[in-house]
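Have a look at the structure below, then the notes.
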Amino acid sequence: MPQEDLMVDKIRLALWQSNPTVGDIAGNLRKLRAARTMAAAQGVDLLVGSELGLLGYAPEDLVLRDVVLDAARDALEALARETADGGPAVLVGTPWRLPEGRVNAALLLQEGRISGVVVKHRLPNYGVFDEMRVFTPGPLPVPVLFRGLRLGVMICEDMWYPEPARHLKDHGADFLVVMNGSPFDLGKSGDRLTHARARAGETALSLMYVNQVGGQDELVFDGGSFVIGADGDVDVAAPQWDEALVVTDWAPTGPVKSWQCVPQPRPRPLGRWEEIYHALCVGLRDYVEKNRFPGVLLGLSGGVDSALSAAIAVDALGPERVRAVMMPSPYTSAESLEDAAACARLLGIELETIDITPAMTAFATMLAPAFAGRAPDLTEENIQSRARGLTLMALSNKLGPMVLSTGNKSEMSVGYATLYGDMCGGFAVLKDVYKTSVFALSRWRNAQRPEGSLGPAGPVMPERVITKPPSAELRPDQKDEDSLPPYDQLDQVLQLLIEGQAGVVEASQRSKLPQDLVERVWAMLGRAEYKRRQAPPGVKITRLAFGRDRRYPITNAFPG
Ligand SMILES: Nc1ncnc2c1ncn2[C@@H]1O[C@H](COP(=O)(O)OP(=O)(O)OC[C@H]2O[C@@H]([n+]3cccc(C(=O)O)c3)[C@H](O)[C@@H]2O)[C@@H](O)[C@H]1O
Ligand SMILES: Nc1ncnc2c1ncn2[C@@H]1O[C@H](COP(=O)(O)OP(=O)(O)OP(=O)(O)O)[C@@H](O)[C@H]1O
Ligand SMILES: NC(=O)CC[C@H](N)C(=O)O
């Protein structure tokens, strides 16, 4: 019977906002089956997943391996057979092999078979994306048929340009369904809505947007799936930062009988600091869980970076999975000892003390002949930082938790950190957070406990940790501002030079700060590239994070 004759007058679609683990096809399939069972219990006709949901986004070079594609195909064929049970059909994202090459695809599974394949047309190849490297682009998409409906399926980047949606509309799409692996950054949810509204407006079609949630290496996915009407109004919104199965009801309405979704109450939108804090917790939690660490350990100095890193770790993993170590030297102040102890107490974590003075003495003795006649300088300061790094790595080797690195974006920008010292570790949760934001997030967390947190209510660090001048305490009376511009100025200039891509003259004009200060920051930024290449990964939250997003040569003789 022709599909049009089967045309339904209402349909129930479930949006499956899932947190897959990249590469875990069997585990992701298990979760998809569980979601389908839940959807079946609610009378769902079609379950819609996120981009490459079976393998997880972003799979990078994994999809170049034939065994991976074979495993994805076997899993898909098994799931397709299961849809003969009369339960919901499934629209699932997966890498797929076609005669033209390896593609980023969406497969419609219904009535025991694969009934449609849609291929991603626009492969993003900028910023953190490298899809041209591993996939062949498909032609402009045409609708897939489901119970007489023409589903206008697009995959992520395809929604960011007008042609795919227009092509689907020209081929009779009843509404648009977009499957996404769209990572979080500040401002991303606004961008998504702008593009979704543009496509809905141009085609006069409603649009369903399904995104992944969870952390994957440096990327974190906020979910935030939604449905908008052709008028651009948000009818349905899934929560951010959590897995969700959202059941939606659709019917042709209005004078022209266009398919629309029945509106639902929407979750409370998150504020700026709350959103960033969630991103950091989810990014760290999933890195630790998906790489199967029992927990984390970190140096707790009494300073704000390690205090905030510890708070995030406790909120994400629970106090019993976070271990802190105070490693005093002769330069450590009584204030720092008190503040580290107070942080640990407030967070409910164990604080161990391991004095690094014996290591400093041992190195001084070992190096004395080689250093004869030379005055102490930065070398000895870095040895302190390295003694701490070595101690933490030894504890990690012996006991199993991953070392949490505490460096922030301001320090990473200008190289204000010791290679193989405080830069050592597996993951740097604050890597993309400027120091001024570290202060703001600390104040925010002291004032409220985030929803879903495994940490305590109430303040997590003494006020003094936030208000005292930052110091590395590697020599008497040292302050960060002896070597760096004040953080409010430094961060303003860095944001202009990095995210704003401004030149020195423009950054000086826009910040109203002296050009020689901006030149100094620009020089430090360039010189520190070698350190950043050796830095641990961390959660991307800004428009331009270090790592895959910003690739400058280390050896770089371009003047200015
Ligand atoms: N282009 C390049 N490619 C590869 N390697 C390069 C390099 N340039 C230098 N190097 C190597 O790197 C070494 C210099 O780097 P490194 O040993 O790290 O030392 P360095 O950058 O000279 O000093 C560390 C800086 O970080 C500050 N710090 C340390 C610890 C904590 C904090 C804090 O407040 O959080 C701040 C400290 O006050 C100092 O300003 C050189 O001796 C050389 O071996
Ligand atoms: N006395 C210490 N005991 C334990 N860890 C330390 C100590 N000093 C430094 N560290 C570790 O090294 C990291 C870099 O610390 P440092 O004090 O040099 O600068 P910072 O960037 O101001 O960090 P923080 O604000 O946490 O002090 C700290 O975050 C901490 O993890
Ligand atoms: N997976 C993708 O195609 C992501 C690209 C897209 N522009 C986004 O970040 O939302």
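Going by the structure tokens order, chains are called A, B, ..., each with residues numbered from 1, while ligands are numbered from 1 in the order shown.
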
Neighbour list for stretch 275-281 of chain A as a PDB file with N, CA and C atoms, in the first residue's frame, cut-off 8 Å, only C-alpha atoms, skip fewer than 3 positions in-chain:
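out03.pdb written:
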ATOM      1  N   PHE A 184      28.762  22.184  24.010  1.00  0.00           N
ATOM      2  CA  PHE A 184      28.465  23.425  24.730  1.00  0.00           C
ATOM      3  C   PHE A 184      29.582  24.441  24.551  1.00  0.00           C
ATOM      4  N   VAL A 220      31.953  19.081  26.152  1.00  0.00           N
ATOM      5  CA  VAL A 220      30.852  18.748  27.034  1.00  0.00           C
ATOM      6  C   VAL A 220      29.568  19.134  26.296  1.00  0.00           C
ATOM      7  N   ASP A 222      25.519  19.797  26.444  1.00  0.00           N
ATOM      8  CA  ASP A 222      24.548  20.232  27.455  1.00  0.00           C
ATOM      9  C   ASP A 222      23.162  19.659  27.234  1.00  0.00           C
ATOM     10  N   TRP A 241      21.949  19.242  30.738  1.00  0.00           N
ATOM     11  CA  TRP A 241      22.933  18.513  31.560  1.00  0.00           C
ATOM     12  C   TRP A 241      22.495  17.162  32.084  1.00  0.00           C
ATOM     13  N   LEU A 270      18.917  28.210  33.202  1.00  0.00           N
ATOM     14  CA  LEU A 270      20.015  28.357  34.156  1.00  0.00           C
ATOM     15  C   LEU A 270      20.702  29.698  33.961  1.00  0.00           C
ATOM     16  N   GLY A 271      21.207  30.267  35.064  1.00  0.00           N
ATOM     17  CA  GLY A 271      21.990  31.496  34.981  1.00  0.00           C
ATOM     18  C   GLY A 271      23.404  31.193  34.486  1.00  0.00           C
ATOM     19  N   ARG A 272      24.180  32.240  34.187  1.00  0.00           N
ATOM     20  CA  ARG A 272      25.506  32.087  33.586  1.00  0.00           C
ATOM     21  C   ARG A 272      26.445  31.214  34.429  1.00  0.00           C
ATOM     22  N   LEU A 284      34.000  16.894  34.131  1.00  0.00           N
ATOM     23  CA  LEU A 284      34.919  16.142  35.005  1.00  0.00           C
ATOM     24  C   LEU A 284      34.330  14.776  35.358  1.00  0.00           C
ATOM     25  N   ARG A 285      33.054  14.769  35.729  1.00  0.00           N
ATOM     26  CA  ARG A 285      32.419  13.492  36.124  1.00  0.00           C
ATOM     27  C   ARG A 285      32.538  12.452  35.013  1.00  0.00           C
ATOM     28  N   ILE A 312      34.339  21.409  42.765  1.00  0.00           N
ATOM     29  CA  ILE A 312      33.717  20.826  41.562  1.00  0.00           C
ATOM     30  C   ILE A 312      33.815  19.300  41.626  1.00  0.00           C
ATOM     31  N   ALA A 313      34.992  18.807  42.036  1.00  0.00           N
ATOM     32  CA  ALA A 313      35.191  17.354  42.098  1.00  0.00           C
ATOM     33  C   ALA A 313      34.234  16.726  43.107  1.00  0.00           C
ATOM     34  N   ASP A 315      31.325  17.987  44.155  1.00  0.00           N
ATOM     35  CA  ASP A 315      29.958  18.074  43.636  1.00  0.00           C
ATOM     36  C   ASP A 315      29.711  17.023  42.551  1.00  0.00           C
ATOM     37  N   ALA A 316      30.751  16.747  41.755  1.00  0.00           N
ATOM     38  CA  ALA A 316      30.575  15.821  40.631  1.00  0.00           C
ATOM     39  C   ALA A 316      30.668  14.361  41.059  1.00  0.00           C
ATOM     40  N   VAL A 429      40.294  20.763  35.155  1.00  0.00           N
ATOM     41  CA  VAL A 429      38.881  21.140  35.039  1.00  0.00           C
ATOM     42  C   VAL A 429      38.700  22.639  34.793  1.00  0.00           C
ATOM     43  N   LEU A 430      39.662  23.484  35.237  1.00  0.00           N
ATOM     44  CA  LEU A 430      39.520  24.939  35.065  1.00  0.00           C
ATOM     45  C   LEU A 430      40.285  25.473  33.849  1.00  0.00           C
ATOM     46  N   LEU A 441      32.909  32.088  40.103  1.00  0.00           N
ATOM     47  CA  LEU A 441      32.320  30.756  40.320  1.00  0.00           C
ATOM     48  C   LEU A 441      32.438  30.340  41.792  1.00  0.00           C
ATOM     49  N   PRO A 450      24.636  23.441  43.759  1.00  0.00           N
ATOM     50  CA  PRO A 450      24.008  23.170  42.456  1.00  0.00           C
ATOM     51  C   PRO A 450      23.052  21.983  42.528  1.00  0.00           C
ATOM     52  N   VAL A 539      37.802  21.028  30.276  1.00  0.00           N
ATOM     53  CA  VAL A 539      36.467  21.239  29.690  1.00  0.00           C
ATOM     54  C   VAL A 539      36.403  22.538  28.893  1.00  0.00           C
ATOM     55  N   ILE A 541      34.603  25.588  27.627  1.00  0.00           N
ATOM     56  CA  ILE A 541      33.360  26.330  27.909  1.00  0.00           C
ATOM     57  C   ILE A 541      33.272  27.618  27.100  1.00  0.00           C
TER      58      ILE A 541
END

Using only C-alpha atoms and all ligand atoms, what are the residues with an atom within 9 Å of ligand 3, set out as an MDAnalysis selection string? chainID A and resid 51:52 57:58 120 122:126 128:129 131 155:160 179:185 188:189 191:192 211

Write out the residues from the selection above, keeping C-alpha atoms, as a PDB file, in the first residue's frame.
ATOM      1  CA  GLU A  51      23.923  12.389  16.069  1.00  0.00           C
ATOM      2  CA  LEU A  52      26.057   9.216  15.871  1.00  0.00           C
ATOM      3  CA  TYR A  57      30.003  11.877  19.354  1.00  0.00           C
ATOM      4  CA  ALA A  58      32.779  12.717  18.482  1.00  0.00           C
ATOM      5  CA  LYS A 120      24.925  14.298   6.681  1.00  0.00           C
ATOM      6  CA  ARG A 122      27.482  19.563   5.597  1.00  0.00           C
ATOM      7  CA  LEU A 123      30.510  18.196   7.426  1.00  0.00           C
ATOM      8  CA  PRO A 124      31.847  20.750   9.925  1.00  0.00           C
ATOM      9  CA  ASN A 125      35.592  21.248   9.662  1.00  0.00           C
ATOM     10  CA  TYR A 126      36.431  24.178  11.890  1.00  0.00           C
ATOM     11  CA  VAL A 128      36.880  21.449  17.366  1.00  0.00           C
ATOM     12  CA  PHE A 129      35.343  19.659  14.362  1.00  0.00           C
ATOM     13  CA  GLU A 131      34.564  15.612  10.118  1.00  0.00           C
ATOM     14  CA  ILE A 155      22.106  15.980  10.972  1.00  0.00           C
ATOM     15  CA  CYS A 156      23.507  18.808  13.123  1.00  0.00           C
ATOM     16  CA  GLU A 157      25.590  21.110  10.897  1.00  0.00           C
ATOM     17  CA  ASP A 158      22.947  20.679   8.137  1.00  0.00           C
ATOM     18  CA  MET A 159      20.657  22.889  10.222  1.00  0.00           C
ATOM     19  CA  TRP A 160      23.193  25.735  10.214  1.00  0.00           C
ATOM     20  CA  MET A 179      19.891  14.969  15.288  1.00  0.00           C
ATOM     21  CA  ASN A 180      22.828  16.676  16.970  1.00  0.00           C
ATOM     22  CA  GLY A 181      26.211  16.293  18.581  1.00  0.00           C
ATOM     23  CA  SER A 182      26.465  19.970  19.417  1.00  0.00           C
ATOM     24  CA  PRO A 183      29.014  20.729  22.130  1.00  0.00           C
ATOM     25  CA  PHE A 184      28.465  23.425  24.730  1.00  0.00           C
ATOM     26  CA  ASP A 185      30.090  26.799  24.784  1.00  0.00           C
ATOM     27  CA  LYS A 188      25.884  28.104  21.870  1.00  0.00           C
ATOM     28  CA  SER A 189      22.252  27.620  22.924  1.00  0.00           C
ATOM     29  CA  ASP A 191      23.118  30.172  18.224  1.00  0.00           C
ATOM     30  CA  ARG A 192      21.216  26.917  17.963  1.00  0.00           C
ATOM     31  CA  ASN A 211      21.146  16.830  21.251  1.00  0.00           C
TER      32      ASN A 211
END

Let me have all residues with an atom within 7 Å of ligand 2, counting only C-alpha atoms and all ligand atoms, laid out as a list in words. Leu298, Gly299, Leu300, Ser301, Gly302, Gly303, Val304, Asp305, Ser306, Ala307, Val325, Met326, Met327, Pro328, Ser329, Thr332, Ser385, Arg388, Ser405, Thr406, Gly407, Asp422, Pro470, Ser471, Ala472 and Glu473 of chain A

Could you save the residues just selected, with N, CA and C atoms, as a short mmCIF file (atom, residue, chain, number, x, y, z; two decimals), in the first residue's frame?
data_model
loop_
_atom_site.label_atom_id
_atom_site.label_comp_id
_atom_site.auth_asym_id
_atom_site.auth_seq_id
_atom_site.Cartn_x
_atom_site.Cartn_y
_atom_site.Cartn_z
N LEU A 298 44.14 15.76 44.49
CA LEU A 298 44.69 17.05 44.09
C LEU A 298 45.45 17.70 45.24
N GLY A 299 46.35 18.60 44.87
CA GLY A 299 47.05 19.41 45.86
C GLY A 299 46.14 20.54 46.28
N LEU A 300 45.89 20.64 47.58
CA LEU A 300 45.03 21.71 48.10
C LEU A 300 45.94 22.70 48.82
N SER A 301 46.08 23.90 48.22
CA SER A 301 47.11 24.83 48.69
C SER A 301 46.59 25.90 49.63
N GLY A 302 45.25 26.00 49.72
CA GLY A 302 44.68 27.14 50.44
C GLY A 302 44.38 28.28 49.47
N GLY A 303 44.74 28.08 48.18
CA GLY A 303 44.44 29.08 47.14
C GLY A 303 43.10 28.79 46.48
N VAL A 304 42.66 29.73 45.65
CA VAL A 304 41.30 29.64 45.11
C VAL A 304 41.17 28.60 43.99
N ASP A 305 42.24 28.41 43.20
CA ASP A 305 42.13 27.45 42.08
C ASP A 305 41.93 26.03 42.59
N SER A 306 42.75 25.64 43.57
CA SER A 306 42.60 24.27 44.07
C SER A 306 41.33 24.14 44.91
N ALA A 307 40.91 25.22 45.56
CA ALA A 307 39.67 25.15 46.36
C ALA A 307 38.47 24.93 45.43
N VAL A 325 45.66 16.80 49.23
CA VAL A 325 46.96 16.73 49.89
C VAL A 325 47.51 18.14 50.06
N MET A 326 47.85 18.52 51.29
CA MET A 326 48.54 19.77 51.55
C MET A 326 50.03 19.42 51.58
N MET A 327 50.81 20.16 50.77
CA MET A 327 52.25 19.84 50.69
C MET A 327 53.06 21.08 51.04
N PRO A 328 53.18 21.37 52.31
CA PRO A 328 53.84 22.62 52.70
C PRO A 328 55.34 22.61 52.42
N SER A 329 55.86 23.81 52.21
CA SER A 329 57.30 24.03 52.09
C SER A 329 57.63 25.08 53.16
N THR A 332 55.34 28.17 52.85
CA THR A 332 53.89 28.09 53.01
C THR A 332 53.46 28.88 54.25
N SER A 385 57.47 23.09 42.86
CA SER A 385 56.26 22.73 42.14
C SER A 385 56.37 21.28 41.62
N ARG A 388 55.89 18.67 44.27
CA ARG A 388 54.46 18.44 44.54
C ARG A 388 53.85 17.57 43.45
N SER A 405 44.46 18.41 37.81
CA SER A 405 45.32 19.58 37.64
C SER A 405 44.46 20.82 37.88
N THR A 406 45.04 21.88 38.43
CA THR A 406 44.20 23.00 38.90
C THR A 406 44.40 24.31 38.11
N GLY A 407 45.23 24.29 37.05
CA GLY A 407 45.54 25.52 36.31
C GLY A 407 44.31 26.11 35.63
N ASP A 422 53.08 21.88 38.66
CA ASP A 422 51.64 21.99 38.87
C ASP A 422 50.86 21.71 37.59
N PRO A 470 46.25 36.37 45.09
CA PRO A 470 46.80 35.08 44.68
C PRO A 470 48.32 35.04 44.77
N SER A 471 48.84 33.90 45.28
CA SER A 471 50.29 33.73 45.40
C SER A 471 50.66 32.28 45.17
N ALA A 472 51.79 32.07 44.47
CA ALA A 472 52.27 30.69 44.27
C ALA A 472 53.07 30.21 45.48
N GLU A 473 53.45 31.14 46.37
CA GLU A 473 54.22 30.82 47.58
C GLU A 473 55.45 29.96 47.28
#

From a backbone DSSP assignment, name each residue in stretch 189-282 of chain A labelled alpha helix (DSSP H), as a PyMOL selection string. chain A and resi 189-203+272-282

Could you name the residues that touch A:Glu60 at 12 Å or less, counting only C-alpha atoms, but leaving out those on the same chain fewer than 3 positions away, as a list in words? Val22, Gly23, Leu52, Leu55, Gly56, Tyr57, Val63, Leu64, Arg65, Val68, Pro95, Asn104, Asn125, Val128, Phe129, Asp130, Glu131, Met132, Arg133, Val134, Phe135, Gln216 and Asp217 of chain A

Within 8 Å of ligand 1 (only C-alpha atoms and all ligand atoms), residues as a PyMOL selection string: chain A and resi 378-379+381-382+385+407+411+415-422+470-474+480+483+527-531+554-555

Give me the residues within 10 Å of A:Val414 as a PyMOL selection string, counting only C-alpha atoms and dropping any in the same chain fewer than 5 places off. chain A and resi 409+484+490+494+520-529+531-532

Export of prior selection with N, CA and C atoms as a compact mmCIF listing (two decimals), in the first residue's frame:
# COMPACT_ATOMS: atom_id res chain seq x y z
N LYS A 409 42.62 29.28 32.82
CA LYS A 409 42.91 29.74 31.46
C LYS A 409 43.89 30.91 31.46
N LEU A 484 52.67 39.27 36.79
CA LEU A 484 51.58 39.40 35.81
C LEU A 484 50.82 40.69 36.05
N LEU A 490 44.46 41.54 32.87
CA LEU A 490 45.00 40.42 32.09
C LEU A 490 43.87 39.68 31.36
N LEU A 494 43.33 39.14 27.43
CA LEU A 494 43.37 37.78 26.89
C LEU A 494 42.09 37.46 26.11
N ARG A 520 53.03 42.93 25.86
CA ARG A 520 53.67 42.00 26.79
C ARG A 520 52.81 40.73 26.93
N VAL A 521 51.50 40.92 27.04
CA VAL A 521 50.60 39.77 27.18
C VAL A 521 50.64 38.92 25.90
N TRP A 522 50.63 39.59 24.74
CA TRP A 522 50.66 38.87 23.46
C TRP A 522 51.95 38.04 23.35
N ALA A 523 53.06 38.62 23.81
CA ALA A 523 54.33 37.89 23.74
C ALA A 523 54.29 36.67 24.68
N MET A 524 53.74 36.85 25.88
CA MET A 524 53.66 35.72 26.82
C MET A 524 52.76 34.62 26.24
N LEU A 525 51.65 35.06 25.62
CA LEU A 525 50.69 34.11 25.04
C LEU A 525 51.38 33.25 23.97
N GLY A 526 52.13 33.89 23.11
CA GLY A 526 52.82 33.17 22.03
C GLY A 526 53.88 32.23 22.59
N ARG A 527 54.64 32.75 23.55
CA ARG A 527 55.76 31.96 24.10
C ARG A 527 55.28 30.71 24.84
N ALA A 528 54.06 30.74 25.36
CA ALA A 528 53.60 29.62 26.20
C ALA A 528 52.97 28.48 25.39
N GLU A 529 53.00 28.60 24.06
CA GLU A 529 52.36 27.55 23.26
C GLU A 529 52.97 26.18 23.56
N LYS A 531 54.07 25.01 26.27
CA LYS A 531 53.54 24.45 27.52
C LYS A 531 52.13 23.90 27.30
N ARG A 532 51.33 24.69 26.55
CA ARG A 532 49.94 24.25 26.35
C ARG A 532 49.87 22.92 25.60

Determine which residues of stretch 48-274 of chain A receive a DSSP assignment of strand (DSSP E or B), computed from the backbone, and state them as number ranges by chain. A: 48, 89-98, 101-110, 113-119, 144-146, 149-155, 175-180, 207-211, 213-216, 219-223, 226-228, 234-237, 240, 244-253, 258-261
